[in-house]
Amino acid sequence: MRPTPQTELELLGRARDLAGLSLGELALQADIVTPPDLKRDKGWVGQLLEWHLGATAGSRPIPDFVELGIELKTIPIGYNGKPLETTFVCVAPLIGLQGLSWENSHIRHKLAKVLWIPVEGERDIPLADRHVGSPLLWSPSADEEQRLRRDWEELMDMIVLGHVEQITARHGEILQLRPKAANSKALTEAYGANGQPIKTLPRGFYLKTHFTAELLERYFIL
DNA sequence: AGTTGATCATCT
DNA sequence: AGATGATCAACT
């Protein structure tokens with residue numbers, strides 16, 4: 001892995017240097033084998049970019065660039081220039097919610113500063129031939145944070161009231177709650193409708209594609 | 001079992 | 001075509 005960037009500017013510069021290159025070239029430089037597809041290597045693109053940018057976190061629950069407080073997110077882009085997938089942010093807490101507020105929530109800290117790196121994601125482009133786009137260093141605007149907060153509070157209210165299993169991905173304007181698990185047998189504890197503990201699928205917060213599309217679009221217009 | 005990285009497969 | 005619910009792998 002390359003050395004960790006010491007400043008925001010250094011990180012951004014390095015990310016800009018990757019723009020226009022293909023994943024095949026980047027894999028060659030990193031001495032990493034390109035898999036045939038992402039079926040069994042869903043996190044491969046993210047890990048390849050982590051290597052090139054010198055991210056330090058690995059699979060630990062801390063920011064990718066701890067010293068800079070920056071989170072790295074790659075985002076697959078279609079031929080129309082829009083995201084092909086929602087973006088996973090973090091796991092949603094389902095128990096021990098006393099005193100939890102938006103201000104001290106895990107998700108607010110995760111989204112405080114994000115380096116977005118668009119990558120061609122259409123499945124008919126061979127993985128090695130997909131190109132990296134221009135990076136965007138983003139922090140939520142006041143309006144964006146308000147929308148995130150509204151969604152988060154709505155979803156957390158339902159969880160606290162024991163309605164987690166009534167939540168679908170349609171709830172929330174820009175933030176959604178969906179299963180995030182190895183498989184349907186990996187269960188975790190949550191509140192039931194009568195306050196009793198139940199076992200349910202772990203959930204994650206995801207950003208809806210129309211929202212991430214907005215972000216990237218705003219950038220390309222500037 | 002939980003974290004990280006997400007995409008896959010299917011339904012509407 | 002796009003969104004939803006389900007799933008994969010590595011690592012702690």
# chains A, B, ... in the order shown; residues from 1 in each chain; ligands from 1

$ interface_residues --of "chain A" --to "chain C" --cutoff "9 Å" --atoms "only C-alpha atoms (C1' of nucleotides)" --output "tab-separated table (two decimals) with C-alpha atoms, in the first residue's frame"
chain	number	residue	atom	x	y	z
A	39	LYS	CA	-19.74	-11.81	-7.84
A	40	ARG	CA	-17.36	-13.19	-5.28
A	41	ASP	CA	-15.31	-10.04	-4.77
A	42	LYS	CA	-17.86	-7.32	-4.11
A	43	GLY	CA	-15.45	-5.11	-2.24
A	58	GLY	CA	-8.71	-1.83	6.53
A	59	SER	CA	-11.72	-3.55	8.04
A	60	ARG	CA	-11.45	-1.69	11.35
A	84	LEU	CA	-25.95	2.23	-10.36
A	168	THR	CA	-38.87	-0.89	4.15
A	169	ALA	CA	-36.34	0.72	1.83
A	170	ARG	CA	-39.08	3.15	0.77
A	178	ARG	CA	-32.10	-2.23	4.50
A	179	PRO	CA	-30.72	-5.60	5.57
A	180	LYS	CA	-26.95	-5.81	5.81
A	181	ALA	CA	-25.92	-9.35	6.58
A	182	ALA	CA	-23.86	-12.29	5.43
A	183	ASN	CA	-27.11	-14.21	4.86
A	184	SER	CA	-30.63	-14.59	6.19

$ closest_atom_pairs --of "chain B" --to "chain A" --cutoff "8 Å" --atoms "only C-alpha atoms (C1' of nucleotides)" --output "JSON lines"
{"residue": "B:DT3", "atom": "C1'", "partner": "A:Pro61", "partner_atom": "CA", "distance": 5.8}
{"residue": "B:DT4", "atom": "C1'", "partner": "A:Ser59", "partner_atom": "CA", "distance": 3.7}
{"residue": "B:DG5", "atom": "C1'", "partner": "A:Gly43", "partner_atom": "CA", "distance": 4.0}
{"residue": "B:DA6", "atom": "C1'", "partner": "A:Gly43", "partner_atom": "CA", "distance": 5.1}
{"residue": "B:DT7", "atom": "C1'", "partner": "A:Lys42", "partner_atom": "CA", "distance": 5.4}
{"residue": "B:DC8", "atom": "C1'", "partner": "A:Lys39", "partner_atom": "CA", "distance": 6.8}

$ write_last_selection --atoms "C-alpha atoms (C1' of nucleotides)" --output "JSON list (two decimals), in the first residue's frame"
[["chain", "number", "residue", "atom", "x", "y", "z"],
["B", 3, "DT", "C1'", -16.78, -4.66, 11.09],
["B", 4, "DT", "C1'", -15.02, -3.25, 6.51],
["B", 5, "DG", "C1'", -15.65, -3.19, 1.30],
["B", 6, "DA", "C1'", -20.17, -3.28, -1.51],
["B", 7, "DT", "C1'", -22.86, -5.87, -5.67],
["B", 8, "DC", "C1'", -26.10, -9.57, -6.94]]

$ atom_distance --atom1 "CA of Glu120 in chain A" --atom2 "CA of Gly69 in chain A"
26.2 Å

$ select_by_dssp --residues "range 46-218 of chain A" --states "helix (DSSP H, G or I)" --output "PyMOL selection string"
chain A and resi 46-53+66-68+106-110+127-129+142-160+164-166+209-218

$ write_last_selection --atoms "C-alpha atoms" --output "mmCIF file, in the first residue's frame"
data_model
loop_
_atom_site.group_PDB
_atom_site.id
_atom_site.type_symbol
_atom_site.label_atom_id
_atom_site.label_comp_id
_atom_site.auth_asym_id
_atom_site.auth_seq_id
_atom_site.Cartn_x
_atom_site.Cartn_y
_atom_site.Cartn_z
ATOM 1 C CA GLY A 46 -13.010 -0.248 -2.950
ATOM 2 C CA GLN A 47 -9.982 -2.131 -1.687
ATOM 3 C CA LEU A 48 -7.978 -1.398 -4.820
ATOM 4 C CA LEU A 49 -8.627 2.328 -4.444
ATOM 5 C CA GLU A 50 -7.766 2.124 -0.731
ATOM 6 C CA TRP A 51 -4.383 0.718 -1.680
ATOM 7 C CA HIS A 52 -3.638 3.486 -4.146
ATOM 8 C CA LEU A 53 -4.750 6.243 -1.828
ATOM 9 C CA VAL A 66 -8.153 8.792 10.487
ATOM 10 C CA GLU A 67 -5.852 11.785 10.765
ATOM 11 C CA LEU A 68 -7.821 13.638 8.107
ATOM 12 C CA HIS A 106 -22.314 7.154 14.075
ATOM 13 C CA ILE A 107 -23.834 8.030 10.715
ATOM 14 C CA ARG A 108 -23.427 11.796 11.118
ATOM 15 C CA HIS A 109 -19.732 11.358 11.851
ATOM 16 C CA LYS A 110 -19.305 8.957 8.935
ATOM 17 C CA LEU A 127 -13.636 -5.170 -14.727
ATOM 18 C CA ALA A 128 -10.074 -4.386 -15.840
ATOM 19 C CA ASP A 129 -11.361 -1.965 -18.508
ATOM 20 C CA ALA A 142 -26.969 22.629 5.903
ATOM 21 C CA ASP A 143 -29.922 21.537 3.773
ATOM 22 C CA GLU A 144 -28.477 18.080 3.119
ATOM 23 C CA GLU A 145 -27.781 17.535 6.791
ATOM 24 C CA GLN A 146 -31.327 18.533 7.675
ATOM 25 C CA ARG A 147 -32.733 15.996 5.222
ATOM 26 C CA LEU A 148 -30.406 13.300 6.534
ATOM 27 C CA ARG A 149 -31.408 14.127 10.074
ATOM 28 C CA ARG A 150 -35.130 13.997 9.293
ATOM 29 C CA ASP A 151 -34.790 10.558 7.725
ATOM 30 C CA TRP A 152 -32.561 9.273 10.492
ATOM 31 C CA GLU A 153 -34.968 10.429 13.193
ATOM 32 C CA GLU A 154 -37.952 8.880 11.437
ATOM 33 C CA LEU A 155 -36.173 5.540 11.072
ATOM 34 C CA MET A 156 -34.743 5.532 14.588
ATOM 35 C CA ASP A 157 -38.171 6.359 16.044
ATOM 36 C CA MET A 158 -39.597 3.272 14.394
ATOM 37 C CA ILE A 159 -36.703 1.145 15.678
ATOM 38 C CA VAL A 160 -37.145 2.413 19.240
ATOM 39 C CA VAL A 164 -37.965 -2.299 12.775
ATOM 40 C CA GLU A 165 -39.581 -5.111 10.779
ATOM 41 C CA GLN A 166 -42.167 -2.705 9.373
ATOM 42 C CA THR A 209 -29.124 6.762 -5.710
ATOM 43 C CA HIS A 210 -31.094 9.907 -6.506
ATOM 44 C CA PHE A 211 -29.288 11.647 -3.669
ATOM 45 C CA THR A 212 -25.758 10.574 -4.618
ATOM 46 C CA ALA A 213 -26.625 11.475 -8.211
ATOM 47 C CA GLU A 214 -27.416 14.998 -6.968
ATOM 48 C CA LEU A 215 -24.049 15.271 -5.280
ATOM 49 C CA LEU A 216 -22.068 14.195 -8.295
ATOM 50 C CA GLU A 217 -24.158 16.326 -10.607
ATOM 51 C CA ARG A 218 -23.629 19.398 -8.490
#

$ select_by_dssp --residues "range 107-180 of chain A" --states "strand (DSSP E or B)" --output "number ranges by chain"
A: 114-120, 131-132, 136-138, 175-179

$ residues_around --residues "Ile77 in chain A" --least-positions-apart "5" --cutoff "7 Å" --atoms "only C-alpha atoms (C1' of nucleotides)" --output "list in words"
Lys82, Pro83, Leu84, Pro118, Val119, Glu120 and Gly121 of chain A

$ decode --residues "range 86-105 of chain A" --atoms "N, CA and C atoms" --output "PDB file, in the first residue's frame"
ATOM      1  N   THR A  86     -27.126   1.988  -4.565  1.00  0.00           N
ATOM      2  CA  THR A  86     -27.184   2.804  -3.364  1.00  0.00           C
ATOM      3  C   THR A  86     -25.821   2.697  -2.670  1.00  0.00           C
ATOM      4  N   THR A  87     -25.576   3.568  -1.729  1.00  0.00           N
ATOM      5  CA  THR A  87     -24.283   3.581  -1.040  1.00  0.00           C
ATOM      6  C   THR A  87     -24.447   3.217   0.430  1.00  0.00           C
ATOM      7  N   PHE A  88     -23.782   2.142   0.819  1.00  0.00           N
ATOM      8  CA  PHE A  88     -23.827   1.743   2.228  1.00  0.00           C
ATOM      9  C   PHE A  88     -23.067   2.758   3.075  1.00  0.00           C
ATOM     10  N   VAL A  89     -23.658   3.159   4.200  1.00  0.00           N
ATOM     11  CA  VAL A  89     -22.976   4.115   5.076  1.00  0.00           C
ATOM     12  C   VAL A  89     -22.466   3.431   6.338  1.00  0.00           C
ATOM     13  N   CYS A  90     -23.365   2.839   7.108  1.00  0.00           N
ATOM     14  CA  CYS A  90     -22.950   2.156   8.327  1.00  0.00           C
ATOM     15  C   CYS A  90     -24.095   1.294   8.832  1.00  0.00           C
ATOM     16  N   VAL A  91     -23.799   0.445   9.771  1.00  0.00           N
ATOM     17  CA  VAL A  91     -24.811  -0.409  10.380  1.00  0.00           C
ATOM     18  C   VAL A  91     -25.690   0.437  11.284  1.00  0.00           C
ATOM     19  N   ALA A  92     -26.966   0.115  11.353  1.00  0.00           N
ATOM     20  CA  ALA A  92     -27.888   0.850  12.211  1.00  0.00           C
ATOM     21  C   ALA A  92     -27.934   0.195  13.587  1.00  0.00           C
ATOM     22  N   PRO A  93     -27.826   0.991  14.640  1.00  0.00           N
ATOM     23  CA  PRO A  93     -27.962   0.438  15.982  1.00  0.00           C
ATOM     24  C   PRO A  93     -29.417   0.069  16.215  1.00  0.00           C
ATOM     25  N   LEU A  94     -29.674  -1.114  16.768  1.00  0.00           N
ATOM     26  CA  LEU A  94     -31.055  -1.557  16.982  1.00  0.00           C
ATOM     27  C   LEU A  94     -31.419  -1.658  18.457  1.00  0.00           C
ATOM     28  N   ILE A  95     -30.405  -1.651  19.333  1.00  0.00           N
ATOM     29  CA  ILE A  95     -30.667  -1.708  20.785  1.00  0.00           C
ATOM     30  C   ILE A  95     -29.743  -0.715  21.495  1.00  0.00           C
ATOM     31  N   GLY A  96     -30.002  -0.498  22.762  1.00  0.00           N
ATOM     32  CA  GLY A  96     -29.164   0.426  23.536  1.00  0.00           C
ATOM     33  C   GLY A  96     -29.232   1.831  23.005  1.00  0.00           C
ATOM     34  N   LEU A  97     -30.447   2.282  22.744  1.00  0.00           N
ATOM     35  CA  LEU A  97     -30.633   3.549  22.039  1.00  0.00           C
ATOM     36  C   LEU A  97     -30.877   4.751  22.964  1.00  0.00           C
ATOM     37  N   GLN A  98     -30.862   4.519  24.290  1.00  0.00           N
ATOM     38  CA  GLN A  98     -31.100   5.633  25.210  1.00  0.00           C
ATOM     39  C   GLN A  98     -30.045   6.716  25.013  1.00  0.00           C
ATOM     40  N   GLY A  99     -30.512   7.936  24.902  1.00  0.00           N
ATOM     41  CA  GLY A  99     -29.579   9.058  24.813  1.00  0.00           C
ATOM     42  C   GLY A  99     -28.972   9.247  23.444  1.00  0.00           C
ATOM     43  N   LEU A 100     -29.362   8.387  22.486  1.00  0.00           N
ATOM     44  CA  LEU A 100     -28.807   8.529  21.143  1.00  0.00           C
ATOM     45  C   LEU A 100     -29.494   9.686  20.417  1.00  0.00           C
ATOM     46  N   SER A 101     -28.685  10.573  19.879  1.00  0.00           N
ATOM     47  CA  SER A 101     -29.236  11.706  19.130  1.00  0.00           C
ATOM     48  C   SER A 101     -28.503  11.793  17.797  1.00  0.00           C
ATOM     49  N   TRP A 102     -29.066  12.562  16.885  1.00  0.00           N
ATOM     50  CA  TRP A 102     -28.415  12.774  15.589  1.00  0.00           C
ATOM     51  C   TRP A 102     -27.009  13.314  15.799  1.00  0.00           C
ATOM     52  N   GLU A 103     -26.893  14.245  16.731  1.00  0.00           N
ATOM     53  CA  GLU A 103     -25.596  14.905  16.955  1.00  0.00           C
ATOM     54  C   GLU A 103     -24.478  13.910  17.253  1.00  0.00           C
ATOM     55  N   ASN A 104     -24.782  12.899  18.071  1.00  0.00           N
ATOM     56  CA  ASN A 104     -23.707  11.965  18.429  1.00  0.00           C
ATOM     57  C   ASN A 104     -23.832  10.630  17.708  1.00  0.00           C
ATOM     58  N   SER A 105     -24.598  10.616  16.616  1.00  0.00           N
ATOM     59  CA  SER A 105     -24.787   9.360  15.887  1.00  0.00           C
ATOM     60  C   SER A 105     -23.564   8.997  15.050  1.00  0.00           C
TER      61      SER A 105
END
